[in-house]
$ cat data13.pdb   # PDB, C-alpha atoms
ATOM      1  CA  MET A  10      71.440  57.484 203.815  1.00  0.00           C
ATOM      2  CA  LEU A  11      70.412  57.471 200.160  1.00  0.00           C
ATOM      3  CA  GLY A  12      66.697  56.899 199.688  1.00  0.00           C
ATOM      4  CA  LYS A  13      65.213  54.393 197.274  1.00  0.00           C
ATOM      5  CA  LYS A  14      63.237  55.441 194.215  1.00  0.00           C
ATOM      6  CA  GLY A  15      59.630  55.907 195.267  1.00  0.00           C
ATOM      7  CA  ASP A  16      60.440  56.927 198.862  1.00  0.00           C
ATOM      8  CA  ALA A  17      58.515  59.845 200.373  1.00  0.00           C
ATOM      9  CA  TRP A  18      60.634  62.833 201.442  1.00  0.00           C
ATOM     10  CA  LEU A  19      59.953  66.014 203.404  1.00  0.00           C
ATOM     11  CA  ILE A  20      61.867  69.256 202.873  1.00  0.00           C
ATOM     12  CA  VAL A  21      61.289  71.792 205.638  1.00  0.00           C
ATOM     13  CA  GLY A  22      62.218  75.458 205.646  1.00  0.00           C
ATOM     14  CA  LEU A  23      62.481  77.097 209.070  1.00  0.00           C
ATOM     15  CA  GLY A  24      61.199  80.601 209.742  1.00  0.00           C
ATOM     16  CA  ASN A  25      58.570  82.698 211.478  1.00  0.00           C
ATOM     17  CA  PRO A  26      55.120  83.401 210.011  1.00  0.00           C
ATOM     18  CA  GLY A  27      54.007  87.004 209.629  1.00  0.00           C
ATOM     19  CA  ARG A  28      54.878  89.865 207.302  1.00  0.00           C
ATOM     20  CA  GLU A  29      57.255  91.522 209.786  1.00  0.00           C
ATOM     21  CA  TYR A  30      59.588  88.498 209.630  1.00  0.00           C
ATOM     22  CA  GLU A  31      59.485  87.918 205.877  1.00  0.00           C
ATOM     23  CA  LYS A  32      62.850  89.392 204.860  1.00  0.00           C
ATOM     24  CA  THR A  33      64.794  88.667 208.032  1.00  0.00           C
ATOM     25  CA  ARG A  34      67.879  86.459 208.450  1.00  0.00           C
ATOM     26  CA  HIS A  35      65.934  83.916 210.505  1.00  0.00           C
ATOM     27  CA  ASN A  36      63.549  83.333 207.578  1.00  0.00           C
ATOM     28  CA  CYS A  37      66.105  82.012 205.084  1.00  0.00           C
ATOM     29  CA  GLY A  38      64.512  78.574 205.363  1.00  0.00           C
ATOM     30  CA  PHE A  39      61.111  79.911 204.259  1.00  0.00           C
ATOM     31  CA  MET A  40      62.799  81.797 201.389  1.00  0.00           C
ATOM     32  CA  ALA A  41      64.617  78.653 200.249  1.00  0.00           C
ATOM     33  CA  ILE A  42      61.349  76.653 200.280  1.00  0.00           C
ATOM     34  CA  ASP A  43      59.737  79.377 198.144  1.00  0.00           C
ATOM     35  CA  LYS A  44      62.621  79.046 195.678  1.00  0.00           C
ATOM     36  CA  LEU A  45      62.255  75.251 195.646  1.00  0.00           C
ATOM     37  CA  ALA A  46      58.476  75.481 195.203  1.00  0.00           C
ATOM     38  CA  GLU A  47      59.100  77.714 192.180  1.00  0.00           C
ATOM     39  CA  LYS A  48      61.536  75.185 190.647  1.00  0.00           C
ATOM     40  CA  LEU A  49      59.128  72.303 191.195  1.00  0.00           C
ATOM     41  CA  SER A  50      55.966  74.262 190.268  1.00  0.00           C
ATOM     42  CA  CYS A  51      54.556  73.283 193.654  1.00  0.00           C
ATOM     43  CA  LYS A  52      52.123  75.477 195.608  1.00  0.00           C
ATOM     44  CA  VAL A  53      52.931  75.537 199.347  1.00  0.00           C
ATOM     45  CA  ASP A  54      49.486  76.681 200.419  1.00  0.00           C
ATOM     46  CA  ARG A  55      47.710  73.847 202.246  1.00  0.00           C
ATOM     47  CA  LEU A  56      47.176  74.705 205.900  1.00  0.00           C
ATOM     48  CA  LYS A  57      47.511  71.547 207.999  1.00  0.00           C
ATOM     49  CA  PHE A  58      49.977  69.946 210.441  1.00  0.00           C
ATOM     50  CA  GLN A  59      50.485  73.398 212.051  1.00  0.00           C
ATOM     51  CA  GLY A  60      52.137  74.520 208.844  1.00  0.00           C
ATOM     52  CA  LEU A  61      51.759  75.432 205.188  1.00  0.00           C
ATOM     53  CA  TYR A  62      52.670  72.548 202.932  1.00  0.00           C
ATOM     54  CA  GLY A  63      52.640  71.418 199.334  1.00  0.00           C
ATOM     55  CA  GLN A  64      53.049  68.044 197.673  1.00  0.00           C
ATOM     56  CA  VAL A  65      54.614  67.089 194.361  1.00  0.00           C
ATOM     57  CA  ASN A  66      55.721  63.861 192.692  1.00  0.00           C
ATOM     58  CA  TYR A  67      59.499  63.623 192.540  1.00  0.00           C
ATOM     59  CA  ASN A  68      61.803  60.776 191.578  1.00  0.00           C
ATOM     60  CA  GLY A  69      58.940  58.288 191.580  1.00  0.00           C
ATOM     61  CA  GLY A  70      57.783  59.203 195.103  1.00  0.00           C
ATOM     62  CA  LYS A  71      55.983  61.914 197.048  1.00  0.00           C
ATOM     63  CA  LEU A  72      57.897  65.044 198.037  1.00  0.00           C
ATOM     64  CA  PHE A  73      56.429  67.381 200.648  1.00  0.00           C
ATOM     65  CA  LEU A  74      57.531  70.994 201.147  1.00  0.00           C
ATOM     66  CA  LEU A  75      56.711  72.488 204.558  1.00  0.00           C
ATOM     67  CA  LYS A  76      56.845  75.915 206.212  1.00  0.00           C
ATOM     68  CA  PRO A  77      55.919  75.452 209.905  1.00  0.00           C
ATOM     69  CA  GLN A  78      53.571  78.201 211.158  1.00  0.00           C
ATOM     70  CA  THR A  79      54.316  77.615 214.847  1.00  0.00           C
ATOM     71  CA  TYR A  80      57.104  80.220 215.162  1.00  0.00           C
ATOM     72  CA  MET A  81      60.698  79.062 215.156  1.00  0.00           C
ATOM     73  CA  ASN A  82      60.985  77.644 218.683  1.00  0.00           C
ATOM     74  CA  LEU A  83      58.157  75.130 218.126  1.00  0.00           C
ATOM     75  CA  SER A  84      58.975  74.140 214.522  1.00  0.00           C
ATOM     76  CA  GLY A  85      59.406  70.492 215.506  1.00  0.00           C
ATOM     77  CA  ARG A  86      55.694  70.112 216.279  1.00  0.00           C
ATOM     78  CA  SER A  87      54.725  70.811 212.680  1.00  0.00           C
ATOM     79  CA  VAL A  88      57.523  68.625 211.275  1.00  0.00           C
ATOM     80  CA  LEU A  89      56.575  65.719 213.532  1.00  0.00           C
ATOM     81  CA  ALA A  90      52.873  66.031 212.673  1.00  0.00           C
ATOM     82  CA  LEU A  91      53.462  65.810 208.911  1.00  0.00           C
ATOM     83  CA  SER A  92      56.298  63.249 208.965  1.00  0.00           C
ATOM     84  CA  ALA A  93      54.374  60.930 211.325  1.00  0.00           C
ATOM     85  CA  TYR A  94      51.188  61.182 209.243  1.00  0.00           C
ATOM     86  CA  PHE A  95      52.983  60.262 206.010  1.00  0.00           C
ATOM     87  CA  ASN A  96      55.379  57.846 207.705  1.00  0.00           C
ATOM     88  CA  ILE A  97      58.599  59.685 206.756  1.00  0.00           C
ATOM     89  CA  PRO A  98      61.622  58.840 208.970  1.00  0.00           C
ATOM     90  CA  PRO A  99      64.008  61.612 210.166  1.00  0.00           C
ATOM     91  CA  GLN A 100      66.658  60.461 207.676  1.00  0.00           C
ATOM     92  CA  ARG A 101      64.321  61.591 204.862  1.00  0.00           C
ATOM     93  CA  VAL A 102      63.494  64.962 206.461  1.00  0.00           C
ATOM     94  CA  ILE A 103      65.753  67.655 204.957  1.00  0.00           C
ATOM     95  CA  VAL A 104      65.868  70.949 206.879  1.00  0.00           C
ATOM     96  CA  LEU A 105      66.834  74.318 205.371  1.00  0.00           C
ATOM     97  CA  PHE A 106      67.740  77.049 207.863  1.00  0.00           C
ATOM     98  CA  ASP A 107      69.883  80.095 208.679  1.00  0.00           C
ATOM     99  CA  ASP A 108      73.397  79.807 210.143  1.00  0.00           C
ATOM    100  CA  ILE A 109      75.193  82.767 211.724  1.00  0.00           C
ATOM    101  CA  SER A 110      78.586  81.031 211.606  1.00  0.00           C
ATOM    102  CA  LEU A 111      78.623  81.173 207.785  1.00  0.00           C
ATOM    103  CA  GLU A 112      79.029  84.285 205.668  1.00  0.00           C
ATOM    104  CA  PRO A 113      76.014  85.281 203.569  1.00  0.00           C
ATOM    105  CA  GLY A 114      76.119  83.300 200.335  1.00  0.00           C
ATOM    106  CA  ARG A 115      77.794  80.208 201.801  1.00  0.00           C
ATOM    107  CA  LEU A 116      76.155  76.831 202.415  1.00  0.00           C
ATOM    108  CA  ARG A 117      76.978  73.855 204.596  1.00  0.00           C
ATOM    109  CA  ILE A 118      75.385  70.419 204.156  1.00  0.00           C
ATOM    110  CA  ARG A 119      75.342  67.981 207.081  1.00  0.00           C
ATOM    111  CA  SER A 120      73.760  64.549 207.543  1.00  0.00           C
ATOM    112  CA  ASP A 121      73.123  65.032 211.279  1.00  0.00           C
ATOM    113  CA  GLY A 122      74.422  66.847 214.367  1.00  0.00           C
ATOM    114  CA  SER A 123      73.450  68.897 217.403  1.00  0.00           C
ATOM    115  CA  ALA A 124      71.299  72.034 217.383  1.00  0.00           C
ATOM    116  CA  GLY A 125      74.359  74.283 217.622  1.00  0.00           C
ATOM    117  CA  GLY A 126      72.306  76.891 219.491  1.00  0.00           C
ATOM    118  CA  HIS A 127      69.577  77.102 216.812  1.00  0.00           C
ATOM    119  CA  ASN A 128      66.172  76.990 218.510  1.00  0.00           C
ATOM    120  CA  GLY A 129      64.345  75.641 215.460  1.00  0.00           C
ATOM    121  CA  ILE A 130      66.737  72.694 215.181  1.00  0.00           C
ATOM    122  CA  LYS A 131      66.559  72.172 218.949  1.00  0.00           C
ATOM    123  CA  SER A 132      62.773  71.834 218.623  1.00  0.00           C
ATOM    124  CA  LEU A 133      63.104  69.341 215.746  1.00  0.00           C
ATOM    125  CA  ILE A 134      65.566  67.168 217.645  1.00  0.00           C
ATOM    126  CA  GLY A 135      63.274  67.219 220.700  1.00  0.00           C
ATOM    127  CA  GLU A 136      60.109  66.342 218.769  1.00  0.00           C
ATOM    128  CA  LEU A 137      61.614  63.794 216.355  1.00  0.00           C
ATOM    129  CA  GLY A 138      63.746  62.197 219.088  1.00  0.00           C
ATOM    130  CA  SER A 139      66.679  62.117 216.666  1.00  0.00           C
ATOM    131  CA  GLN A 140      69.553  64.278 215.420  1.00  0.00           C
ATOM    132  CA  GLU A 141      69.817  62.178 212.276  1.00  0.00           C
ATOM    133  CA  PHE A 142      68.151  64.366 209.692  1.00  0.00           C
ATOM    134  CA  PRO A 143      70.005  66.009 206.768  1.00  0.00           C
ATOM    135  CA  ARG A 144      70.310  69.759 206.806  1.00  0.00           C
ATOM    136  CA  VAL A 145      71.264  72.595 204.495  1.00  0.00           C
ATOM    137  CA  LYS A 146      72.629  75.548 206.458  1.00  0.00           C
ATOM    138  CA  ILE A 147      72.369  78.930 204.740  1.00  0.00           C
ATOM    139  CA  GLY A 148      74.886  81.570 205.802  1.00  0.00           C
ATOM    140  CA  VAL A 149      73.435  84.819 207.177  1.00  0.00           C
ATOM    141  CA  GLY A 150      76.631  86.225 208.715  1.00  0.00           C
ATOM    142  CA  ALA A 151      77.805  86.784 212.281  1.00  0.00           C
ATOM    143  CA  LYS A 152      76.523  89.608 214.486  1.00  0.00           C
ATOM    144  CA  ALA A 153      77.769  93.015 213.338  1.00  0.00           C
ATOM    145  CA  HIS A 154      78.804  93.888 216.919  1.00  0.00           C
ATOM    146  CA  PRO A 155      79.725  91.348 219.639  1.00  0.00           C
ATOM    147  CA  GLU A 156      77.476  93.078 222.194  1.00  0.00           C
ATOM    148  CA  GLN A 157      74.455  93.002 219.886  1.00  0.00           C
ATOM    149  CA  ASP A 158      71.547  90.835 221.031  1.00  0.00           C
ATOM    150  CA  LEU A 159      71.429  87.620 218.962  1.00  0.00           C
ATOM    151  CA  ALA A 160      67.633  87.702 218.636  1.00  0.00           C
ATOM    152  CA  ASP A 161      67.813  91.272 217.292  1.00  0.00           C
ATOM    153  CA  TRP A 162      70.482  90.205 214.794  1.00  0.00           C
ATOM    154  CA  VAL A 163      68.661  87.177 213.341  1.00  0.00           C
ATOM    155  CA  LEU A 164      65.443  89.197 213.106  1.00  0.00           C
ATOM    156  CA  SER A 165      67.206  91.982 211.188  1.00  0.00           C
ATOM    157  CA  GLY A 166      67.203  92.394 207.406  1.00  0.00           C
ATOM    158  CA  PHE A 167      70.027  92.116 204.884  1.00  0.00           C
ATOM    159  CA  SER A 168      72.148  94.844 203.296  1.00  0.00           C
ATOM    160  CA  ALA A 169      72.009  95.240 199.502  1.00  0.00           C
ATOM    161  CA  SER A 170      75.293  93.352 198.974  1.00  0.00           C
ATOM    162  CA  GLU A 171      74.190  90.581 201.373  1.00  0.00           C
ATOM    163  CA  GLU A 172      70.886  90.263 199.500  1.00  0.00           C
ATOM    164  CA  LYS A 173      72.772  89.603 196.268  1.00  0.00           C
ATOM    165  CA  ALA A 174      74.819  86.818 197.901  1.00  0.00           C
ATOM    166  CA  LEU A 175      71.676  85.447 199.566  1.00  0.00           C
ATOM    167  CA  ALA A 176      69.722  85.238 196.293  1.00  0.00           C
ATOM    168  CA  SER A 177      72.379  82.935 194.859  1.00  0.00           C
ATOM    169  CA  ALA A 178      72.591  80.937 198.112  1.00  0.00           C
ATOM    170  CA  LEU A 179      68.827  80.310 198.156  1.00  0.00           C
ATOM    171  CA  GLU A 180      68.968  79.028 194.589  1.00  0.00           C
ATOM    172  CA  ARG A 181      71.819  76.670 195.478  1.00  0.00           C
ATOM    173  CA  ALA A 182      70.177  75.609 198.768  1.00  0.00           C
ATOM    174  CA  ALA A 183      67.142  74.465 196.767  1.00  0.00           C
ATOM    175  CA  ASP A 184      69.416  72.542 194.390  1.00  0.00           C
ATOM    176  CA  ALA A 185      71.340  71.055 197.324  1.00  0.00           C
ATOM    177  CA  ALA A 186      68.142  69.717 198.925  1.00  0.00           C
ATOM    178  CA  LEU A 187      67.189  67.938 195.699  1.00  0.00           C
ATOM    179  CA  CYS A 188      70.762  66.670 195.309  1.00  0.00           C
ATOM    180  CA  ILE A 189      70.472  65.035 198.761  1.00  0.00           C
ATOM    181  CA  ILE A 190      67.430  63.102 197.512  1.00  0.00           C
ATOM    182  CA  ASP A 191      69.009  62.241 194.156  1.00  0.00           C
ATOM    183  CA  LYS A 192      72.608  61.509 195.115  1.00  0.00           C
ATOM    184  CA  GLY A 193      72.844  61.423 198.936  1.00  0.00           C
ATOM    185  CA  VAL A 194      74.350  63.763 201.542  1.00  0.00           C
ATOM    186  CA  PRO A 195      78.075  63.130 200.783  1.00  0.00           C
ATOM    187  CA  GLU A 196      77.627  64.063 197.120  1.00  0.00           C
ATOM    188  CA  ALA A 197      75.551  67.147 198.013  1.00  0.00           C
ATOM    189  CA  ALA A 198      78.159  68.213 200.601  1.00  0.00           C
ATOM    190  CA  ASN A 199      80.907  67.721 198.049  1.00  0.00           C
ATOM    191  CA  ARG A 200      79.126  69.908 195.519  1.00  0.00           C
ATOM    192  CA  PHE A 201      77.678  72.644 197.719  1.00  0.00           C
ATOM    193  CA  ASN A 202      79.653  72.983 200.983  1.00  0.00           C
ATOM    194  CA  GLY A 203      81.226  76.404 201.260  1.00  0.00           C
ATOM    195  CA  SER A 204      80.042  77.254 197.776  1.00  0.00           C
ATOM    196  CA  GLN A 205      79.305  80.779 196.777  1.00  0.00           C
ATOM    197  CA  PRO A 206      79.075  82.582 193.433  1.00  0.00           C
TER     198      PRO A 206
END

$ encode --input "data13.pdb" --output "structure tokens"
Amino acid sequence: MLGKKGDAWLIVGLGNPGREYEKTRHNCGFMAIDKLAEKLSCKVDRLKFQGLYGQVNYNGGKLFLLKPQTYMNLSGRSVLALSAYFNIPPQRVIVLFDDISLEPGRLRIRSDGSAGGHNGIKSLIGELGSQEFPRVKIGVGAKAHPEQDLADWVLSGFSASEEKALASALERAADAALCIIDKGVPEAANRFNGSQP
């Protein structure tokens, strides 16, 4: 669904608060929001709605950037609190998050879908009562060893070569989120799906 000029939008990055999680795979969503905040000269520093958020005027309407502070598994509570308060429907809530099925550096844009085993998305679907929110998946790579615990993997850091690919992916994830607002999901998917430097 392409929004109308003047519509309010919410872009959410998923992650875990706390210094120990800052550079981990599971915090790609937070990193992408930081990149977006930089591009838009928007401070994401207001503590409300169980999250840190910022607000900027974009495309004739209000654009909110949100980093839930609830820990990943309860992210939906923060998203629901802000989106309900500002009357933003799920179709105008764009979610940026990590995806282990994509190599580092790759993106995948979707208009809706199931949680696919991601606890943050599971929480959003549960709280919003809908799967119909656009998403930008940021590749963080599959587990290094099949027997490795998934939680340990997503809470691990990146290698130097992965960090290089990630830096470019975060930049493009920020652009993709704005492209969804400007041009719609199909156009954003066309431009950014599978893309890497």

$ resolve_selection --input "data13.pdb" --expression "the PyMOL selection byres ((chain A and resi 169-181) around 10)" --output "PyMOL selection string"
chain A and resi 32+34+37-45+48+105+112-116+145-150+166-168+182-187+200-201+204-206

$ atom_distance --input "data13.pdb" --atom1 "CA of Gly193 (chain A)" --atom2 "CA of Phe58 (chain A)"
27.0 Å

$ closest_residue --input "data13.pdb" --among "A:Ala17, A:Ser92, A:Lys192, A:Gly22" --to "Leu75 (chain A)" --atoms "all atoms listed in the file"
A:Gly22

$ closest_residue --input "data13.pdb" --among "A:Leu91, A:Gln59, A:Leu111, A:Lys14" --to "Gly203 (chain A)" --atoms "all atoms listed in the file"
A:Leu111

$ atom_distance --input "data13.pdb" --atom1 "CA of Leu19 (chain A)" --atom2 "CA of Asn96 (chain A)"
10.3 Å

$ closest_residue --input "data13.pdb" --among "A:Ile97, A:Ile20, A:Cys51, A:Val102" --to "Gln64 (chain A)" --atoms "only C-alpha atoms"
A:Cys51

$ resolve_selection --input "data13.pdb" --expression "the PyMOL selection byres ((chain A and resi 86) around 8)" --output "JSON list (two decimals) with C-alpha atoms, in the frame of the given file"
[["chain", "number", "residue", "atom", "x", "y", "z"],
["A", 59, "GLN", "CA", 50.48, 73.40, 212.05],
["A", 79, "THR", "CA", 54.32, 77.61, 214.85],
["A", 83, "LEU", "CA", 58.16, 75.13, 218.13],
["A", 84, "SER", "CA", 58.98, 74.14, 214.52],
["A", 85, "GLY", "CA", 59.41, 70.49, 215.51],
["A", 87, "SER", "CA", 54.72, 70.81, 212.68],
["A", 88, "VAL", "CA", 57.52, 68.62, 211.28],
["A", 89, "LEU", "CA", 56.58, 65.72, 213.53],
["A", 90, "ALA", "CA", 52.87, 66.03, 212.67],
["A", 132, "SER", "CA", 62.77, 71.83, 218.62],
["A", 133, "LEU", "CA", 63.10, 69.34, 215.75],
["A", 136, "GLU", "CA", 60.11, 66.34, 218.77]]

$ atom_distance --input "data13.pdb" --atom1 "CA of Ser110 (chain A)" --atom2 "CA of Gln78 (chain A)"
25.2 Å

$ closest_atom_pairs --input "data13.pdb" --of "region 49-108 of chain A" --to "region 124-131 of chain A" --cutoff "9 Å" --atoms "only C-alpha atoms" --output "tab-separated table"
residue	atom	partner	partner_atom	distance
A:Tyr80	CA	A:Gly129	CA	8.6
A:Met81	CA	A:Gly129	CA	5.0
A:Asn82	CA	A:Gly129	CA	5.1
A:Leu83	CA	A:Gly129	CA	6.8
A:Ser84	CA	A:Gly129	CA	5.7
A:Gly85	CA	A:Gly129	CA	7.1
A:Val104	CA	A:Ile130	CA	8.5
A:Phe106	CA	A:Gly129	CA	8.4
A:Asp107	CA	A:His127	CA	8.7
A:Asp108	CA	A:His127	CA	8.1

$ decode --input "data13.pdb" --residues "region 147-158 of chain A" --atoms "all heavy atoms" --output "tab-separated table (two decimals), in the first residue's frame"
chain	number	residue	atom	x	y	z
A	147	ILE	N	17.60	-7.51	7.02
A	147	ILE	CA	19.04	-7.24	6.83
A	147	ILE	C	19.81	-8.53	7.11
A	147	ILE	O	19.75	-9.09	8.20
A	147	ILE	CB	19.50	-6.13	7.81
A	147	ILE	CG1	18.67	-4.86	7.58
A	147	ILE	CG2	20.99	-5.85	7.63
A	147	ILE	CD1	18.74	-3.86	8.73
A	148	GLY	N	20.53	-9.00	6.11
A	148	GLY	CA	21.25	-10.28	6.24
A	148	GLY	C	22.35	-10.24	7.29
A	148	GLY	O	23.15	-9.30	7.31
A	149	VAL	N	22.36	-11.25	8.16
A	149	VAL	CA	23.44	-11.36	9.17
A	149	VAL	C	24.16	-12.71	9.05
A	149	VAL	O	25.06	-13.00	9.82
A	149	VAL	CB	22.91	-11.17	10.62
A	149	VAL	CG1	22.34	-9.77	10.79
A	149	VAL	CG2	21.87	-12.21	10.99
A	150	GLY	N	23.74	-13.53	8.08
A	150	GLY	CA	24.41	-14.81	7.86
A	150	GLY	C	23.87	-15.94	8.72
A	150	GLY	O	23.32	-15.71	9.80
A	151	ALA	N	24.00	-17.16	8.19
A	151	ALA	CA	23.55	-18.35	8.91
A	151	ALA	C	24.57	-18.73	9.98
A	151	ALA	O	25.71	-18.27	9.96
A	151	ALA	CB	23.37	-19.50	7.93
A	152	LYS	N	24.13	-19.57	10.91
A	152	LYS	CA	25.03	-20.04	11.98
A	152	LYS	C	26.31	-20.63	11.38
A	152	LYS	O	26.27	-21.32	10.36
A	152	LYS	CB	24.33	-21.13	12.82
A	152	LYS	CG	23.18	-20.61	13.64
A	152	LYS	CD	22.67	-21.67	14.61
A	152	LYS	CE	22.05	-22.87	13.91
A	152	LYS	NZ	21.49	-23.83	14.90
A	153	ALA	N	27.42	-20.37	12.03
A	153	ALA	CA	28.71	-20.87	11.54
A	153	ALA	C	28.77	-22.40	11.61
A	153	ALA	O	29.34	-23.06	10.74
A	153	ALA	CB	29.84	-20.26	12.36
A	154	HIS	N	28.15	-22.96	12.65
A	154	HIS	CA	28.11	-24.43	12.81
A	154	HIS	C	26.67	-24.83	13.10
A	154	HIS	O	26.02	-24.22	13.94
A	154	HIS	CB	29.01	-24.87	13.98
A	154	HIS	CG	30.38	-24.30	13.91
A	154	HIS	ND1	31.31	-24.70	12.97
A	154	HIS	CD2	30.98	-23.33	14.64
A	154	HIS	CE1	32.42	-23.99	13.13
A	154	HIS	NE2	32.25	-23.15	14.14
A	155	PRO	N	26.18	-25.89	12.43
A	155	PRO	CA	24.78	-26.32	12.61
A	155	PRO	C	24.40	-26.56	14.07
A	155	PRO	O	23.27	-26.30	14.47
A	155	PRO	CB	24.68	-27.62	11.81
A	155	PRO	CG	25.83	-27.57	10.85
A	155	PRO	CD	26.90	-26.74	11.48
A	156	GLU	N	25.36	-27.06	14.87
A	156	GLU	CA	25.02	-27.39	16.27
A	156	GLU	C	25.08	-26.17	17.19
A	156	GLU	O	24.72	-26.25	18.36
A	156	GLU	CB	25.93	-28.52	16.80
A	156	GLU	CG	27.40	-28.19	16.96
A	156	GLU	CD	28.18	-28.27	15.64
A	156	GLU	OE1	27.57	-28.57	14.58
A	156	GLU	OE2	29.39	-27.99	15.67
A	157	GLN	N	25.51	-25.05	16.67
A	157	GLN	CA	25.59	-23.83	17.49
A	157	GLN	C	24.20	-23.37	17.92
A	157	GLN	O	23.24	-23.46	17.16
A	157	GLN	CB	26.27	-22.72	16.67
A	157	GLN	CG	26.59	-21.48	17.49
A	157	GLN	CD	27.38	-20.47	16.68
A	157	GLN	OE1	27.58	-20.62	15.48
A	157	GLN	NE2	27.84	-19.41	17.34
A	158	ASP	N	24.11	-22.88	19.15
A	158	ASP	CA	22.85	-22.36	19.66
A	158	ASP	C	22.48	-21.08	18.92
A	158	ASP	O	23.32	-20.18	18.76
A	158	ASP	CB	23.00	-22.08	21.17
A	158	ASP	CG	21.71	-21.56	21.78
A	158	ASP	OD1	20.73	-22.32	21.80
A	158	ASP	OD2	21.69	-20.39	22.20
